[in-house]
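Down below is the structure, laid out as structure tokens.
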Amino acid sequence: MTPLRDAFLSAAVALGLFGPMVGLLTVSGEHGLSLELRPIATAVIVGLVFLGRLLVLSWRGRGRVETYKTNRALAEGIAHAGKFIAPVLLVAAVALPFTGSRYYVDLGTLVLTYIMLGWGLNIVVGLAGLLDLGYVAFYAVGAYSYALLSTTYDLGFWTCLPLAGLFAGCAGVMLGFPVLRLRGDYLAIVTLAFGEIIRIVLTNWVSLTNGPNGITGIPRPTLFGLRFSMEGGEGTFAGFFGIEPATIQRVIFLYYVILVLALLTNWVSLRLRRIPLGRAWEALREDEIACRSLGINVRNTKLTAFGMGAMFGGLAGAFFATRQAFISPESFTFIESATVLAIVVLGGMGSQLGVALAAIVMVGGLETLRDVLSFLGDQMNSPLFAGIAGQLPLYRMLIFGLVLVVMMVLRPRGLISGRTPTVALGARKEIAAELVAQGRG
Amino acid sequence: MLAVSNLVMRFGGLRAVDGLSFEARAGDITAVIGPNGAGKTTVFNCITGFYRPTAGAITLTHRNGEKFPLHRMPGHRIATEAKVARTFQNIRLFAGMTVLENLLVAQHNKLMAATGLGVLAMLGLGRYRSAEAAGIRKARHWLDAIGLTERADDPAGALPYGAQRRLEIARAMCIDPVLLCLDEPAAGLNPRESEELNRLLLRIRDQGCSLLLIEHDMGVVMRISDHIVVLDHGRKISDGTPAEVRADAAVIAAYLGEGEDDEVEA
Amino acid sequence: MDYAYALQQLINGVTLGMIYGLIAVGYTMVYGIIGMINFAHGDIFMVGAFLSMIALLGLAALGITWVPLALALTLLFAAAITALYGWTVERVAYRPLRGSFRLAPLISAIGMSITLQNYVQVSQGARVKPIEAVIPGGIQVMNQGGFTVELSWMQIAIVATTLAILAVFTWLVKRTPLGRTMRACEQDLKMASLLGIDTDRTISLTFVIGAALAAVAGLMFLLYYGVIDFYIGFIAGIKAFTAAVLGGIGSLPGAVLGGLLIGLIEVFWSAYFSVEYKDVAAFSILIIVLIFMPTGILGRAEVEKV
């Protein structure tokens with residue numbers, strides 16, 4: 001097929017797809033719904049598809065081999081650079097608050113929360129190869145544990161944090177106990193169902209959780225007993241150090257809290273990989289039947305992975321609650337589970353650095369996109385864009401979804417897909433991604 | 001040491017194993033042979049706890065007299081307590097882990113016991129360091145035995161086929177079994193590799209571990225087995241030393257597909 | 001009143017169950033052939049519902065108001081365009097990942113689901129869209145103690161259409177060469193391709209048929225509830241997948257049976273216990289069924305190959 005003909009066909013398909021959906025807008029009027037024509041928008045989209053297809057075809061025709069090579073080189077480059085990227089990232093993370101920018105610190109806090117969630121889920125999905133589509137449930141358990149404990153029993157953050165992790169871990173073990181013998185997609189759908197159950201219960205158990213209105217006034221953490229409050233004086237951070245109280249102090253403090261929590265998650269996962277338990281997780285991912293023949297108690301081993309992952313989800317949840325000071329079931333929807341899972345897969349399952357990079361790219365990108373889109377929306381004063389300008393921020397999730405598809409198609413094994421051995425007689429050699437299994441559980 | 005009595009395994013209407021009894025003596029290499037579909041692998045799966053038999057008993061007796069009812073023990077305890085190890089017809093290595101890691105995973109339970117619930121090992125404290133060093137020493141021992149020391153840090157999935165077979169045997173040996181069950185260890189090996197395998201198996205036997213093997217390669221079977229059990233249609237049709245079995249008319253009939261009586265029985 | 005009330009719930013449950021069943025067939029077909037959860041399928045259903053609404057409005061604007069004709073044309077239009085969506089999704093997001101690692105298509109499918117949801121939100125707006133009842137009225141089946149059991153024409157139409165479509169579909173799978181290649185691919189994709197079956201084409205057709213059935217479900221949903229929004233696909237999708245798993249994934253009659261069960265559970269739970277927890281009931285039953293019957297109700301028992 002000639003490129004031109006192919007492009008015409010693509011345009012025809014696009015016309016079929018977008019003609020009715022974009023070309024005909026349903027508007028609510030006095031007499032119920034009616035249709036409104038939008039020929040220009042449709043024509044623009046169909047035209048873009050035509051041009052886009054032409055471009056893709058010509059690009060492919062020219063540089064197929066080279067793209068493969070650059071892809072390969074890129075992968076190796078990232079793997080080699082990993083040794084340098086990690087410390088650089090760490091230094092950047094520690095130094096970030098010194099920019100003094102509230103915006104960056106808030107963004108950094110958000111990204112770090114997702115990095116921590118990603119590292120937690122990585123234990124379950126990346127190491128043990130168990131597909132968990134309801135990770136947000138444990139995040140929710142942690143968040144509500146802290147919120148309820150602190151508002152009901154007046155307990156502080158540092159007391160509640162381990163409790164929140166413990167509760168979430170127990171929830172993981174309790175869910176895992178009956179369902180972990182299910183394999184593959186059955187496990188996926190059961191965890192997804194569990195996530196939804198938790199959310200529905202949180203929404204409807206009004207006497208405990210205050211339902212959809214959520215819990216407000218969740219206390220903030222203290223630094224060795226020092227509060228971060230605006231009055232200053234005795235017992236506050238500003239009062240103790242004799243400085244002007246400012247919100248930014250609390251924001252920065254929260255940032256360092258999540259940085260420490262995330263690093264703790266990372267350290268624990270790295271250590272776990274090097275002990276028999278972690279090795280058994282990876283072996284489980286590679287071949288469950290072989291594990292059984294070697295006397296590994298498959299169910300208990302899976303449970304530890306599930307519980308451990310859930311625990312870190314719970315810790316992150318407690319942090320989320322204290323940072324927002326307000327939580328409601330709306331924060332714990334499937335899209336959160338999907339985002340965290342996407343971070344893990346895109347990072348390259350099992351790779352700590354990959355997960356961090358993926359979280360930075362995705363969460364950071366998503367937030368940047370929000371600003372770019374609203375900025376663009378403000379710039380579009382021309383009447384030509386009248387229909388789009390106000391809607392522009394809505395395109396954010398649309399772009400996010402498309403980016404997920406494109407990234408998976410381009411790099412199905414994620415950014416850093418190799419595996420580093422946990423022990424070696426001589427030098428450690430990276431294991432090619434093609435040999436590493438992704439688990440069936 | 002291993003006594004299988006009246007073993008029956010049914011899948012729906014199919015009787016894959018039908019009232020089978022045999023014994024394997026300690027320190028012997030016992031071969032289970034038979035035409036395709038005779039139920040050999042099913043017997044293996046019953047012995048190693050992957051299938052729960054429909055009826056019958058499988059009892060393993062250790063040298064100290066302790067008895068293990070394998071037909072009702074959960075799979076992982078058959079390996080840890082009864083000390084029965086196995087390999088698979090289609091090799092099941094941890095392909096994405098290195099050769100060394102494969103051998104360390106096999107020592108999971110022993111190493112796990114030394115980690116103090118994981119916490120101490122994570123902090124790098126306690127006995128774990130020395131336990132791991134011992135684990136690596138044992139792994140090295142088997143790597144030397146199978147000639148793969150050079151490739152210890154390569155992923156198992158990247159090894160040539162024959163080396164993968166040997167590695168799987170070494171991995172099974174790392175659980176210190178008293179009985180090693182091998183499912184077609186010589187399948188796909190060239191004559192030289194087959195010869196190496198024979199030596200390895202004899203060496204394992206001489207160290208005191210009993211072997212039970214399923215094999216199609218009669219060269220291997222006749223040369224190394226002390227005792228042969230012949231199955232056909234889930235039943236035992238012959239049992240004895242290689243010389244006895246070779247002379248048995250029923251065995252020849254089963255292998256050549258002769259004898260209408262076969263089908264009458266079925 | 002008790003029997004009457006229960007009978008009414010039964011009628012409602014079967015109607016809803018039919019809709020779930022139609023969506024579930026799409027999940028189960030795709031799962032049977034390429035072993036992936038097509039996460040975007042629920043959103044394909046939602047797209048089908050929107051296209052149905054657009055078609056109904058368009059036909060009304062063109063002056064075609066005779067209900068049977070309008071509905072038939074809507075059905076054809078929505079099924080055709082939704083099928084095109086199904087085809088495109090497969091072509092763009094799944095085919096490049098064929099034979100890749102198992103999680104990549106899953107994430108790609110989740111991405112597609114997010115994309116479709118937001119695409120419809122952006123193109124058609126986030127507000128709920130109500131339409132007037134297309135087929136008003138019904139028959140009163142019985143009256144007991146002041147409670148009237150009503151079987152609406154709409155419900156009759158939904159159940160009748162669904163059964164007719166499923167009959168055609170069953171014939172397609174059981175009796176035509178296309179169905180044979182589909183079943184061959186389900187048994188063993190690699191072998192089918194070695195035997196000269198164009199597996200890419202068969203997989204595409206599976207998506208096309210699944211999407212067309214989802215479009216029918218979308219139209220039924222629109223007619224039954226009279227109101228849709230861009231978010232209906234997610235919940236309906238999860239429930240339909242639950243139905244497919246409940247019935248035994250890979251089994252077509254199982255999908256319909258599972259759909260009916262989920263519909264009945266949901267309706268009866270809402271009627272007798274609480275509306276808020278109807279989804280919890282459906283999901284809990286899923287978990288319980290899977291624990292005791294890991295392959296679903298009509299699924300083939302798997303013997304673990306060692």
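Identifiers in this document derive from the order of the structure tokens: chains are assigned A, B, ..., residues are numbered from 1 separately in each chain, and ligands are numbered from 1 in order of occurrence.
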Residue list (strand (DSSP E or B), DSSP) for region 60-238 of chain B, as a ChimeraX atom specification: /B:60-61,67-69,84-86,98,155,179-183,210-214,227-232,235-238
Using only C-alpha atoms, what table do you get, as a Markdown table, when you list each residue of chain A with an atom no more than 7 Å from chain B, its nearest pair of atoms, and their distance in Å rounded to one decimal, rows by chain then rising number?
```
| residue | atom | partner | partner_atom | distance |
| --- | --- | --- | --- | --- |
| A:Arg271 | CA | B:Met122 | CA | 5.5 |
| A:Leu272 | CA | B:Met122 | CA | 6.4 |
| A:Ile275 | CA | B:Ala121 | CA | 6.8 |
| A:Pro276 | CA | B:Met112 | CA | 5.7 |
| A:Leu277 | CA | B:Met112 | CA | 6.9 |
| A:Arg279 | CA | B:Val105 | CA | 6.4 |
| A:Ala280 | CA | B:Val105 | CA | 6.2 |
| A:Ala283 | CA | B:Phe94 | CA | 6.0 |
| A:Glu286 | CA | B:Phe94 | CA | 5.2 |
| A:Asp287 | CA | B:Phe94 | CA | 6.2 |
| A:Ala290 | CA | B:Arg92 | CA | 6.0 |
| A:Arg292 | CA | B:His76 | CA | 5.3 |
| A:Ser293 | CA | B:Ala79 | CA | 6.4 |
| A:Leu294 | CA | B:Ala106 | CA | 5.6 |
| A:Gly295 | CA | B:His76 | CA | 3.9 |
| A:Ile296 | CA | B:His76 | CA | 5.7 |
| A:Asn297 | CA | B:His76 | CA | 5.6 |
| A:Pro421 | CA | B:Thr98 | CA | 6.6 |
| A:Val423 | CA | B:Glu101 | CA | 6.8 |
| A:Ala424 | CA | B:Asp153 | CA | 5.7 |
| A:Leu425 | CA | B:Asp153 | CA | 6.6 |
| A:Gly426 | CA | B:Asp153 | CA | 6.9 |
| A:Arg428 | CA | B:Asp153 | CA | 6.8 |
| A:Lys429 | CA | B:Asp153 | CA | 6.9 |
| A:Ile431 | CA | B:Pro155 | CA | 6.4 |
| A:Leu435 | CA | B:Gly96 | CA | 4.9 |
| A:Val436 | CA | B:Gly96 | CA | 4.0 |
| A:Ala437 | CA | B:Gly96 | CA | 6.5 |
```
Can you tell me, as a count of residues only, what residues are no more than 6 Å from region 118-130 of chain C when counting only C-alpha atoms, ignoring any on the same chain fewer than 6 positions away? 8
Could you list the residues in chain C lying within 8 Å of chain A, using only C-alpha atoms, and format the result as a VMD selection string? chain C and resid 37 50 to 51 54 57 to 58 81 84 to 85 93 96 to 97 100 to 105 107 to 120 122 to 124 129 to 132 242 245 276 to 277 279 to 280 283 to 284 286 to 287 290 to 291 294 306
For Leu2 (chain B), find every residue with an atom within 9 Å (counting only C-alpha atoms), except residues of its own chain fewer than 3 positions away, and show them as a PyMOL selection string. chain B and resi 22-26+58-62+179
Residue contacts of Lys278 (chain C) (7 Å, only C-alpha atoms) excluding same-chain residues fewer than 5 positions away, as a list in words: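 Result of the neighbour search: Glu266, Trp269 and Ser270 of chain C.
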Keeping only all heavy atoms, write the selected residues as an mmCIF file, in the first residue's frame.
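Output below, filename part.cif:
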```cif
data_model
loop_
_atom_site.group_PDB
_atom_site.id
_atom_site.type_symbol
_atom_site.label_atom_id
_atom_site.label_comp_id
_atom_site.auth_asym_id
_atom_site.auth_seq_id
_atom_site.Cartn_x
_atom_site.Cartn_y
_atom_site.Cartn_z
ATOM 1 N N GLU C 266 -27.642 -7.814 41.967
ATOM 2 C CA GLU C 266 -27.662 -6.375 42.172
ATOM 3 C C GLU C 266 -29.081 -5.898 42.486
ATOM 4 O O GLU C 266 -29.304 -5.150 43.445
ATOM 5 C CB GLU C 266 -27.135 -5.713 40.908
ATOM 6 C CG GLU C 266 -26.915 -4.254 41.079
ATOM 7 C CD GLU C 266 -26.320 -3.634 39.829
ATOM 8 O OE1 GLU C 266 -25.518 -4.303 39.146
ATOM 9 O OE2 GLU C 266 -26.681 -2.492 39.542
ATOM 10 N N TRP C 269 -30.449 -7.412 45.851
ATOM 11 C CA TRP C 269 -29.768 -6.811 46.997
ATOM 12 C C TRP C 269 -30.290 -5.400 47.238
ATOM 13 O O TRP C 269 -30.578 -5.008 48.377
ATOM 14 C CB TRP C 269 -28.257 -6.807 46.774
ATOM 15 C CG TRP C 269 -27.514 -6.449 48.014
ATOM 16 C CD1 TRP C 269 -27.285 -5.190 48.499
ATOM 17 C CD2 TRP C 269 -26.944 -7.345 48.960
ATOM 18 N NE1 TRP C 269 -26.591 -5.257 49.677
ATOM 19 C CE2 TRP C 269 -26.367 -6.572 49.984
ATOM 20 C CE3 TRP C 269 -26.837 -8.738 49.031
ATOM 21 C CZ2 TRP C 269 -25.711 -7.136 51.065
ATOM 22 C CZ3 TRP C 269 -26.182 -9.302 50.106
ATOM 23 C CH2 TRP C 269 -25.634 -8.504 51.111
ATOM 24 N N SER C 270 -30.436 -4.635 46.145
ATOM 25 C CA SER C 270 -30.947 -3.269 46.302
ATOM 26 C C SER C 270 -32.355 -3.292 46.870
ATOM 27 O O SER C 270 -32.722 -2.445 47.683
ATOM 28 C CB SER C 270 -30.993 -2.550 44.956
ATOM 29 O OG SER C 270 -29.811 -2.723 44.266
#
```
All helix (DSSP H, G or I) positions in region 100-234 of chain B, as a PyMOL selection string: chain B and resi 100-106+108-113+119-122+128-146+149-151+156-158+161-173+191-206+218-224
With only C-alpha atoms considered, list every residue of chain B at most 10 Å from chain C, as a PDB file with C-alpha atoms, in the first residue's frame.
```pdb
ATOM      1  CA  PHE B  11      -8.712 -37.310  35.829  1.00  0.00           C
ATOM      2  CA  THR B  41       4.815 -38.372  34.985  1.00  0.00           C
ATOM      3  CA  THR B  42       1.524 -38.686  36.845  1.00  0.00           C
ATOM      4  CA  PHE B  44       5.960 -38.564  39.753  1.00  0.00           C
ATOM      5  CA  ASN B  45       3.510 -35.786  40.377  1.00  0.00           C
ATOM      6  CA  PHE B  50       1.714 -31.901  42.807  1.00  0.00           C
ATOM      7  CA  TYR B  51      -1.272 -34.207  42.457  1.00  0.00           C
ATOM      8  CA  PHE B  88      10.801 -31.440  35.401  1.00  0.00           C
ATOM      9  CA  GLN B  89      10.291 -32.835  31.942  1.00  0.00           C
ATOM     10  CA  ASN B  90      10.264 -29.338  30.466  1.00  0.00           C
ATOM     11  CA  ARG B  92      11.809 -25.271  35.064  1.00  0.00           C
TER      12      ARG B  92
END
```
Non-local contacts of Ala128 (chain A) (8 Å; only C-alpha atoms; under 3 positions in same chain excluded) as a ChimeraX atom specification: /A:123-125,281-285,302,305,439
Residues near Gln352 (chain A), anyone? I mean within 9 Å using only C-alpha atoms, not counting same-chain ones fewer than 6 positions away, as a list in words. Gly118, Trp119, Asn122, Asn266, Ser269 and Leu270 of chain A
Can those selected residues be exported to a file as a JSON list (two decimals), in the first residue's frame so that it contains all heavy atoms?
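The resulting out_5.json:
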```
[["chain", "number", "residue", "atom", "x", "y", "z"],
["A", 118, "GLY", "N", 4.82, 3.60, 44.35],
["A", 118, "GLY", "CA", 5.37, 2.77, 43.28],
["A", 118, "GLY", "C", 6.34, 1.74, 43.85],
["A", 118, "GLY", "O", 6.26, 0.56, 43.52],
["A", 119, "TRP", "N", 7.22, 2.18, 44.75],
["A", 119, "TRP", "CA", 8.18, 1.23, 45.35],
["A", 119, "TRP", "C", 7.45, 0.17, 46.17],
["A", 119, "TRP", "O", 7.85, -0.99, 46.18],
["A", 119, "TRP", "CB", 9.21, 1.99, 46.20],
["A", 119, "TRP", "CG", 10.31, 2.58, 45.36],
["A", 119, "TRP", "CD1", 10.69, 2.16, 44.12],
["A", 119, "TRP", "CD2", 11.16, 3.68, 45.70],
["A", 119, "TRP", "NE1", 11.72, 2.93, 43.67],
["A", 119, "TRP", "CE2", 12.04, 3.88, 44.61],
["A", 119, "TRP", "CE3", 11.27, 4.51, 46.81],
["A", 119, "TRP", "CZ2", 13.02, 4.86, 44.60],
["A", 119, "TRP", "CZ3", 12.24, 5.49, 46.81],
["A", 119, "TRP", "CH2", 13.11, 5.68, 45.71],
["A", 122, "ASN", "N", 5.82, -2.16, 43.79],
["A", 122, "ASN", "CA", 6.86, -2.88, 43.08],
["A", 122, "ASN", "C", 7.21, -4.19, 43.79],
["A", 122, "ASN", "O", 7.55, -5.19, 43.15],
["A", 122, "ASN", "CB", 8.10, -1.99, 42.98],
["A", 122, "ASN", "CG", 9.06, -2.49, 41.94],
["A", 122, "ASN", "OD1", 8.70, -3.30, 41.10],
["A", 122, "ASN", "ND2", 10.28, -2.03, 42.01],
["A", 266, "ASN", "N", 12.54, 2.34, 49.87],
["A", 266, "ASN", "CA", 13.57, 1.92, 48.93],
["A", 266, "ASN", "C", 14.61, 1.05, 49.61],
["A", 266, "ASN", "O", 14.95, -0.03, 49.13],
["A", 266, "ASN", "CB", 14.23, 3.17, 48.34],
["A", 266, "ASN", "CG", 15.29, 2.83, 47.33],
["A", 266, "ASN", "OD1", 15.13, 1.85, 46.60],
["A", 266, "ASN", "ND2", 16.36, 3.59, 47.30],
["A", 269, "SER", "N", 13.19, -2.36, 50.44],
["A", 269, "SER", "CA", 13.06, -3.25, 49.28],
["A", 269, "SER", "C", 14.41, -3.73, 48.79],
["A", 269, "SER", "O", 14.56, -4.89, 48.42],
["A", 269, "SER", "CB", 12.33, -2.61, 48.10],
["A", 269, "SER", "OG", 11.57, -1.54, 48.46],
["A", 270, "LEU", "N", 15.39, -2.82, 48.78],
["A", 270, "LEU", "CA", 16.70, -3.24, 48.31],
["A", 270, "LEU", "C", 17.29, -4.33, 49.20],
["A", 270, "LEU", "O", 17.86, -5.30, 48.73],
["A", 270, "LEU", "CB", 17.65, -2.04, 48.25],
["A", 270, "LEU", "CG", 17.40, -1.08, 47.09],
["A", 270, "LEU", "CD1", 18.36, 0.10, 47.19],
["A", 270, "LEU", "CD2", 17.60, -1.79, 45.77]]
```
Would you mind telling me which residue in B:Ala31, B:Arg246, B:Gly65, B:Gly12 lies nearest to Pro185 (chain B) when using only C-alpha atoms?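 Answer, going by the shortest atom-to-atom distance: B:Ala31.
Pairwise distance (CA of Ala137 (chain A), CA of Phe332 (chain A)) equals 7.2 Å.
Residue nearest Leu222 (chain C) within the list C:Val289, C:Ala164, C:Leu56, C:Met29: C:Leu56 [criterion: smallest interatomic distance, only C-alpha atoms].
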